[in-house]
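Raw contents of input_2.cif, mmCIF, C-alpha atoms and all ligand atoms:
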data_query
loop_
_atom_site.label_atom_id
_atom_site.label_comp_id
_atom_site.auth_asym_id
_atom_site.auth_seq_id
_atom_site.Cartn_x
_atom_site.Cartn_y
_atom_site.Cartn_z
CA MET A 51 -52.14 13.33 10.50
CA PHE A 52 -48.67 12.26 11.56
CA ARG A 53 -45.41 12.03 9.74
CA LEU A 54 -42.87 9.28 9.69
CA ASN A 55 -39.47 10.49 8.63
CA ILE A 56 -37.63 7.53 7.21
CA CYS A 57 -34.44 8.50 5.55
CA LYS A 58 -35.14 9.81 2.08
CA THR A 59 -38.92 9.77 2.07
CA THR A 60 -41.60 11.29 4.18
CA ILE A 61 -44.75 9.23 4.42
CA ALA A 62 -47.77 11.23 5.39
CA ILE A 63 -50.57 9.11 6.76
CA ASN A 64 -54.13 9.95 7.83
CA ARG A 65 -57.44 8.07 7.80
CA PHE A 66 -58.13 8.85 4.16
CA MET A 67 -54.87 8.69 2.31
CA THR A 68 -51.31 7.44 2.17
CA THR A 69 -48.81 9.38 0.09
CA THR A 70 -45.10 9.11 -0.40
CA THR A 71 -43.11 12.19 -1.24
CA THR A 72 -39.41 12.94 -1.44
CA THR A 73 -38.36 15.19 1.38
CA THR A 74 -36.53 18.37 0.59
CA ASN A 75 -34.46 18.19 3.75
CA ASN A 76 -32.10 15.36 2.90
CA LYS A 77 -28.84 15.76 4.72
CA ARG A 78 -26.57 14.47 2.00
CA ILE A 79 -22.82 14.46 2.50
CA GLY A 80 -20.29 13.35 -0.11
CA LEU A 81 -16.59 12.80 -0.50
CA GLY A 82 -14.16 12.86 -3.41
CA GLN A 83 -11.10 10.68 -3.99
CA ILE A 84 -8.32 12.15 -6.15
CA THR A 85 -4.66 11.86 -7.11
CA SER A 86 -3.05 15.26 -6.59
CA THR A 87 0.28 16.26 -8.12
CA ASN A 88 2.37 19.41 -7.94
CA ASN A 89 0.26 20.91 -10.78
CA LYS A 90 -2.27 23.20 -9.07
CA ASP A 91 -4.40 23.78 -12.20
CA GLU A 92 -4.74 20.07 -12.92
CA ASN A 93 -5.67 19.39 -9.31
CA PHE A 94 -8.32 22.10 -9.44
CA LYS A 95 -9.81 20.66 -12.65
CA GLN A 96 -9.95 17.20 -11.10
CA CYS A 97 -11.70 18.47 -7.97
CA LYS A 98 -14.09 20.69 -9.96
CA ARG A 99 -15.28 17.68 -11.98
CA LEU A 100 -16.01 15.79 -8.79
CA ILE A 101 -17.80 18.78 -7.27
CA GLU A 102 -20.02 18.97 -10.38
CA LYS A 103 -20.83 15.28 -10.05
CA ALA A 104 -21.66 15.82 -6.38
CA VAL A 105 -24.00 18.69 -7.30
CA GLU A 106 -25.79 16.47 -9.87
CA ASN A 107 -26.33 14.01 -7.04
CA LYS A 108 -27.77 16.68 -4.72
CA VAL A 109 -24.90 16.56 -2.25
CA GLN A 110 -25.11 19.46 0.22
CA LEU A 111 -21.66 19.18 1.78
CA PHE A 112 -18.80 17.79 -0.28
CA CYS A 113 -15.45 16.82 1.26
CA LEU A 114 -12.06 16.77 -0.44
CA PRO A 115 -8.90 15.11 0.94
CA GLU A 116 -5.70 16.50 2.40
CA CYS A 117 -3.49 18.05 -0.32
CA PHE A 118 -6.51 18.59 -2.61
CA ALA A 119 -4.81 21.72 -3.99
CA PHE A 120 -1.19 20.62 -4.15
CA ILE A 121 1.12 17.77 -3.19
CA SER A 122 4.87 17.93 -3.49
CA GLY A 123 6.40 16.45 -6.64
CA GLY A 124 9.31 14.99 -4.71
CA VAL A 125 11.64 17.68 -6.04
CA HIS A 126 12.77 19.03 -2.66
CA GLN A 127 11.54 18.99 0.94
CA PHE A 128 10.36 22.62 0.97
CA GLU A 129 8.09 22.39 -2.08
CA SER A 130 4.83 22.48 -0.12
CA ARG A 131 5.96 25.45 1.91
CA ASP A 132 7.15 27.31 -1.16
CA ASN A 133 3.78 26.77 -2.87
CA ALA A 134 1.70 27.73 0.17
CA GLU A 135 -0.85 30.56 -0.11
CA TYR A 136 -2.68 32.87 2.27
CA LEU A 137 -6.31 31.90 2.83
CA ASP A 138 -7.41 35.29 1.51
CA GLN A 139 -4.90 35.45 -1.33
CA LYS A 140 -6.33 37.43 -4.26
CA GLY A 141 -6.72 35.15 -7.29
CA GLY A 142 -5.56 32.24 -5.13
CA ILE A 143 -6.76 28.65 -4.83
CA ILE A 144 -9.17 29.19 -1.97
CA GLU A 145 -10.90 32.03 -3.81
CA ARG A 146 -11.55 29.61 -6.71
CA TYR A 147 -13.20 27.14 -4.35
CA GLN A 148 -15.22 29.88 -2.67
CA LYS A 149 -16.62 30.77 -6.10
CA LEU A 150 -17.43 27.13 -6.86
CA ALA A 151 -19.28 26.79 -3.55
CA GLN A 152 -21.25 29.97 -4.20
CA GLU A 153 -22.09 29.16 -7.84
CA ASN A 154 -23.17 25.63 -7.02
CA LYS A 155 -24.81 26.46 -3.70
CA LEU A 156 -23.03 23.70 -1.82
CA TRP A 157 -20.81 23.52 1.24
CA LEU A 158 -17.21 22.34 0.93
CA SER A 159 -14.79 20.70 3.33
CA LEU A 160 -11.28 21.28 1.99
CA GLY A 161 -9.28 18.76 3.93
CA GLY A 162 -5.77 20.09 4.11
CA PHE A 163 -4.35 23.20 2.53
CA HIS A 164 -0.77 24.48 2.72
CA GLU A 165 -1.51 27.79 4.42
CA LYS A 166 0.99 30.60 4.38
CA ILE A 167 1.33 32.40 7.71
CA GLU A 168 1.53 36.21 7.83
CA GLY A 169 5.02 37.40 8.73
CA GLU A 170 6.49 33.89 8.62
CA ASN A 171 8.72 32.55 5.87
CA GLU A 172 9.94 29.22 7.24
CA MET A 173 6.74 27.54 8.42
CA ILE A 174 3.18 26.96 7.20
CA TYR A 175 -0.03 25.43 8.59
CA ASN A 176 -1.80 22.36 7.25
CA THR A 177 -5.35 23.70 7.37
CA HIS A 178 -8.78 22.07 6.96
CA LEU A 179 -11.39 24.61 5.83
CA ILE A 180 -15.16 24.63 5.76
CA ILE A 181 -16.76 26.90 3.16
CA ASP A 182 -20.51 27.54 3.20
CA ALA A 183 -22.91 27.75 0.24
CA ASP A 184 -22.39 31.52 0.03
CA GLY A 185 -18.67 30.93 -0.47
CA LYS A 186 -17.71 32.14 3.00
CA ILE A 187 -15.00 30.42 5.08
CA VAL A 188 -16.85 29.44 8.25
CA SER A 189 -14.24 27.27 10.00
CA GLN A 190 -10.56 26.51 9.91
CA TYR A 191 -8.77 23.72 11.75
CA ARG A 192 -4.97 23.55 11.79
CA LYS A 193 -3.56 20.02 11.93
CA MET A 194 -2.47 19.31 15.45
CA HIS A 195 -0.51 16.06 15.22
CA LEU A 196 2.36 16.15 12.75
CA PHE A 197 3.61 13.12 10.87
CA ASP A 198 7.21 12.77 12.06
CA VAL A 199 7.96 9.08 11.66
CA ASP A 200 10.74 6.73 10.67
CA ILE A 201 9.74 3.20 9.59
CA PRO A 202 12.92 1.71 8.08
CA SER A 203 11.23 -1.63 7.33
CA LYS A 204 8.79 0.20 5.01
CA GLY A 205 11.24 2.74 3.67
CA VAL A 206 9.12 5.53 5.15
CA LYS A 207 10.66 8.61 6.69
CA MET A 208 8.58 11.77 7.11
CA ASN A 209 9.25 14.95 8.99
CA GLU A 210 6.15 17.10 8.63
CA SER A 211 7.10 19.39 11.51
CA LYS A 212 10.10 20.61 9.56
CA VAL A 213 7.82 22.99 7.63
CA VAL A 214 4.42 22.68 9.32
CA LYS A 215 3.51 24.38 12.58
CA GLY A 216 1.03 22.35 14.64
CA GLY A 217 -2.29 23.94 15.57
CA ASN A 218 -3.68 23.72 19.08
CA GLU A 219 -7.37 24.41 18.73
CA LEU A 220 -10.23 21.89 18.52
CA VAL A 221 -12.78 22.82 15.87
CA VAL A 222 -16.42 21.82 15.45
CA CYS A 223 -18.73 23.50 12.99
CA ASP A 224 -22.48 23.56 12.32
CA SER A 225 -23.52 22.64 8.79
CA PRO A 226 -26.74 21.72 6.95
CA VAL A 227 -25.99 18.01 7.41
CA GLY A 228 -25.07 18.12 11.10
CA LYS A 229 -22.32 19.19 13.45
CA LEU A 230 -18.88 18.49 12.01
CA GLY A 231 -15.75 17.60 13.98
CA LEU A 232 -12.61 18.53 12.04
CA SER A 233 -9.33 16.64 11.79
CA ILE A 234 -6.65 15.73 9.24
CA CYS A 235 -4.95 12.42 8.36
CA TYR A 236 -2.35 11.49 11.03
CA ASP A 237 -4.72 12.93 13.68
CA LEU A 238 -6.62 9.66 13.16
CA ARG A 239 -4.12 7.91 15.46
CA PHE A 240 -5.07 10.08 18.44
CA PRO A 241 -8.41 8.94 19.89
CA GLU A 242 -8.35 11.73 22.50
CA LEU A 243 -8.93 14.28 19.73
CA TYR A 244 -12.09 12.54 18.46
CA LEU A 245 -13.35 11.93 21.98
CA SER A 246 -13.06 15.70 22.51
CA LEU A 247 -14.86 16.42 19.21
CA ARG A 248 -17.71 14.11 20.23
CA ARG A 249 -17.86 15.79 23.64
CA MET A 250 -18.24 19.06 21.72
CA ASN A 251 -21.38 17.50 20.14
CA SER A 252 -20.10 16.37 16.76
CA ASP A 253 -22.42 14.17 14.70
CA ILE A 254 -19.93 13.65 11.89
CA LEU A 255 -16.15 13.25 12.14
CA LEU A 256 -14.26 14.43 9.05
CA VAL A 257 -10.92 12.70 8.41
CA PRO A 258 -9.48 13.91 5.09
CA ALA A 259 -6.17 12.21 4.35
CA ALA A 260 -3.16 11.44 2.21
CA PHE A 261 -2.58 8.15 3.99
CA MET A 262 0.57 6.21 3.15
CA LYS A 263 0.08 3.05 1.14
CA SER A 264 2.25 1.04 3.54
CA THR A 265 0.34 1.95 6.71
CA GLY A 266 -2.95 1.65 4.87
CA GLU A 267 -2.09 -1.85 3.71
CA ALA A 268 -1.23 -2.80 7.29
CA GLY A 269 -4.91 -2.15 8.07
CA HIS A 270 -4.36 1.00 10.12
CA TRP A 271 -6.58 3.25 7.98
CA LYS A 272 -9.80 1.23 7.97
CA THR A 273 -9.40 -0.21 11.46
CA LEU A 274 -8.84 3.18 13.08
CA LEU A 275 -11.65 4.85 11.11
CA GLN A 276 -14.11 2.16 12.16
CA ALA A 277 -12.90 2.42 15.74
CA ARG A 278 -13.41 6.20 15.74
CA ALA A 279 -16.96 5.74 14.38
CA ILE A 280 -17.87 2.99 16.87
CA GLU A 281 -16.33 4.50 20.00
CA ASN A 282 -17.71 7.99 19.34
CA GLN A 283 -21.01 6.88 17.75
CA CYS A 284 -20.60 9.35 14.90
CA TYR A 285 -20.60 9.13 11.13
CA VAL A 286 -17.02 9.15 9.79
CA ILE A 287 -16.33 10.72 6.40
CA ALA A 288 -12.80 10.02 5.18
CA PRO A 289 -11.87 11.32 1.69
CA ALA A 290 -8.44 10.11 0.63
CA GLN A 291 -5.70 10.72 -1.85
CA THR A 292 -4.97 7.68 -3.99
CA GLY A 293 -2.30 6.40 -6.36
CA ASN A 294 1.06 7.81 -7.45
CA HIS A 295 1.72 11.50 -6.84
CA HIS A 296 5.25 11.16 -8.20
CA SER A 297 7.74 8.35 -8.66
CA LYS A 298 8.43 8.00 -4.92
CA ARG A 299 5.06 8.63 -3.32
CA THR A 300 1.86 6.59 -3.37
CA SER A 301 -1.29 7.05 -1.31
CA PHE A 302 -3.57 4.27 -0.14
CA GLY A 303 -6.96 5.50 -1.39
CA HIS A 304 -9.91 3.51 0.05
CA SER A 305 -11.95 6.59 0.92
CA LEU A 306 -14.56 5.53 3.44
CA ILE A 307 -17.99 6.50 4.71
CA ILE A 308 -18.85 4.75 7.98
CA ASP A 309 -22.03 5.00 10.04
CA PRO A 310 -22.24 5.42 13.86
CA TRP A 311 -22.59 1.64 14.29
CA GLY A 312 -19.27 1.13 12.50
CA LYS A 313 -20.84 -0.18 9.31
CA VAL A 314 -18.98 0.72 6.09
CA LEU A 315 -21.51 2.45 3.83
CA SER A 316 -19.04 3.21 1.01
CA GLU A 317 -15.46 2.34 0.23
CA LEU A 318 -13.79 3.56 -2.96
CA ASP A 319 -11.40 1.31 -4.82
CA GLU A 320 -7.81 2.59 -4.89
CA ASN A 321 -7.86 2.83 -8.69
CA THR A 322 -10.86 5.15 -8.74
CA ILE A 323 -11.12 8.92 -9.00
CA ASP A 324 -14.72 9.32 -7.93
CA ILE A 325 -17.26 10.42 -5.35
CA ALA A 326 -19.34 8.60 -2.75
CA PHE A 327 -22.19 9.97 -0.66
CA THR A 328 -24.76 9.16 1.99
CA ASP A 329 -27.69 10.76 3.78
CA ILE A 330 -27.02 11.52 7.42
CA ASP A 331 -29.77 9.98 9.55
CA HIS A 332 -29.86 11.82 12.85
CA SER A 333 -32.48 9.54 14.38
CA TYR A 334 -30.08 6.63 13.76
CA ILE A 335 -27.28 8.50 15.59
CA GLU A 336 -29.67 8.92 18.54
CA THR A 337 -30.72 5.27 18.46
CA VAL A 338 -27.12 4.02 18.52
CA ARG A 339 -26.27 6.37 21.39
CA GLU A 340 -29.35 5.33 23.37
CA ASN A 341 -28.80 1.62 22.79
CA ILE A 342 -25.21 1.62 24.06
CA PRO A 343 -24.75 4.78 26.15
CA VAL A 344 -20.95 4.64 26.39
CA PHE A 345 -20.74 8.38 26.97
CA ASN A 346 -22.73 7.96 30.19
CA HIS A 347 -20.54 5.04 31.24
CA LYS A 348 -17.16 6.71 30.92
CA LYS A 349 -15.00 6.87 34.06
CA LEU A 350 -13.33 10.16 33.28
CA ASN A 351 -11.91 10.45 36.80
CA ASN A 352 -10.17 7.10 36.62
CA TYR A 353 -8.25 7.38 33.39
CA LYS A 354 -4.61 8.44 33.26
CA ILE A 355 -4.67 10.54 30.09
O1 LIG B 401 1.39 18.29 3.39
C1 LIG B 401 1.63 17.43 2.57
O2 LIG B 401 2.29 17.58 1.54
C2 LIG B 401 1.01 16.13 2.75
N1 LIG B 401 0.86 15.78 4.10
C3 LIG B 401 0.78 14.53 4.36
O3 LIG B 401 0.74 13.71 3.47
C4 LIG B 401 0.73 14.10 5.78
C5 LIG B 401 1.98 14.53 6.47
S1 LIG B 401 3.46 14.08 5.62
N2 LIG B 401 0.56 12.67 5.79
C6 LIG B 401 0.08 12.02 6.81
O4 LIG B 401 -0.27 12.59 7.84
C7 LIG B 401 -0.02 10.52 6.61
C8 LIG B 401 -0.32 9.75 7.87
C9 LIG B 401 -0.23 8.28 7.65
O5 LIG B 401 -0.10 7.81 6.55
C10 LIG B 401 -0.30 7.37 8.81
O6 LIG B 401 -0.63 7.82 9.93
O7 LIG B 401 -0.03 6.18 8.61
#
Go ahead and express the file in the form of structure tokens.
Amino acid sequence: MFRLNICKTTIAINRFMTTTTTTTNNKRIGLGQITSTNNKDENFKQCKRLIEKAVENKVQLFCLPECFAFISGGVHQFESRDNAEYLDQKGGIIERYQKLAQENKLWLSLGGFHEKIEGENEMIYNTHLIIDADGKIVSQYRKMHLFDVDIPSKGVKMNESKVVKGGNELVVCDSPVGKLGLSICYDLRFPELYLSLRRMNSDILLVPAAFMKSTGEAGHWKTLLQARAIENQCYVIAPAQTGNHHSKRTSFGHSLIIDPWGKVLSELDENTIDIAFTDIDHSYIETVRENIPVFNHKKLNNYKI
């Protein structure tokens, strides 16, 4: 008897019988698209609903966007810092998510949390966390590239480094759906980061974001995500904030799931608060990498980077 493993079904074949059964080892990853505000309880409720929907759909690892817990209400520039929490804060936000993960037996990627730093009052980290199905924090990546930009033609001026300290550590993490490479939002513009994550054996690149509507509409979001998937031959999972967070801030939405060939498997409409999911097909990752072996063709000694 031999087994063909094709995506969701295992077909067992021998001389006497042919049966089709659903495999129990689906590697299903999902993402949620939300509109956060400066109301932590409302944000939690919104995310909890999406997590429950993901569980109903047998998602094993569910990914939430940057600012899933809190986004500033445009009141003053230090709002995020002043609402930051320690990762192990008793009765804090992260503890609530750890409980949800444990109760529902699913993994979570929390794509950008305002993390309070011990002994530091002025600065915080923007931290992407992975929580396992026992509710344990298994990885933490601190956003490396900070969004300090001035685009007068779009009326956009941001100075993330005023309150956020940049991290300097690359993070990959094993999970039930494959090896994850962690990043956050503006990191997307730095291909060297993703190249490094692929060289550290990532199968799936996570890009949670609160992407600006103006840069999203210019095509930067989708183009760069597809480029990262194609050039690194990885799945890309990009959960996004969408809509109006307050009167002066709108996110682009368009959460995306892209396969290692660059094909868009799911794209959420900007007016939707919802989930999307896919099954990670590791044999497809291998096929794409064998067909066009760009990682064997790189001229690492010749580049000036
Ligand atoms: O911490 C917070 O409150 C929220 N953080 C963010 O929204 C961050 C930094 S201001 N946004 C981005 O990185 C957008 C990047 C982007 O839109 C682009 O690269 O075009």
Quick one: residues within 9 Å of ligand LIG 401 (chain B), with only C-alpha atoms and all ligand atoms, as a ChimeraX atom specification? /A:116-117,120-122,129-131,162-164,175-176,195-199,208-211,214,234-239,259-266,270-271,291,301-302
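Neighbours of Gly123 in chain A closer than or equal to 10 Å, with only C-alpha atoms counted and sequence neighbours fewer than 3 positions away skipped, come out as Ser86, Thr87, Asn88, Asn89, Phe120, His126, Gln127, Glu129, Ser130, His295, His296, Ser297, Lys298 and Arg299 of chain A.
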Would you kindly return, as a short mmCIF file (atom, residue, chain, number, x, y, z; two decimals) with C-alpha atoms, keeping the file's coordinate frame, each protein, DNA or RNA residue with an atom no farther than 6 Å from any atom of Tyr136 in chain A, considering only C-alpha atoms and excluding same-chain residues fewer than 2 positions away?
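Output saved as result32.cif:
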data_model
loop_
_atom_site.label_atom_id
_atom_site.label_comp_id
_atom_site.auth_asym_id
_atom_site.auth_seq_id
_atom_site.Cartn_x
_atom_site.Cartn_y
_atom_site.Cartn_z
CA ASP A 138 -7.41 35.29 1.51
CA GLN A 139 -4.90 35.45 -1.33
CA GLU A 165 -1.51 27.79 4.42
CA LYS A 166 0.99 30.60 4.38
#
CA of Gly161 in chain A and CA of Glu106 in chain A are how many Å apart? 21.6 Å
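Interatomic distance, CA of Leu245 in chain A to CA of Gln190 in chain A: 19.1 Å.
Going from CA of Gly141 in chain A over to CA of Glu153 in chain A, you cover 16.5 Å.
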So which residues fall inside 10 Å of (-13.1, 9.1, 4.9) if we count all atoms listed in the file? Mind giving them as a ChimeraX atom specification? /A:80-83,113-115,235,255-259,271-272,275,285-290,303-308,316-318,326
Under the rule that only C-alpha atoms are counted, which of A:His332, A:Lys313, A:Arg248, A:Arg192 is the nearest residue to Phe345 in chain A? A:Arg248
Point (-20.5, 30.0, 4.5) neighbourhood (12 Å, all atoms listed in the file) written as a ChimeraX atom specification: /A:111,147-149,151-152,155-159,179-190,223-226
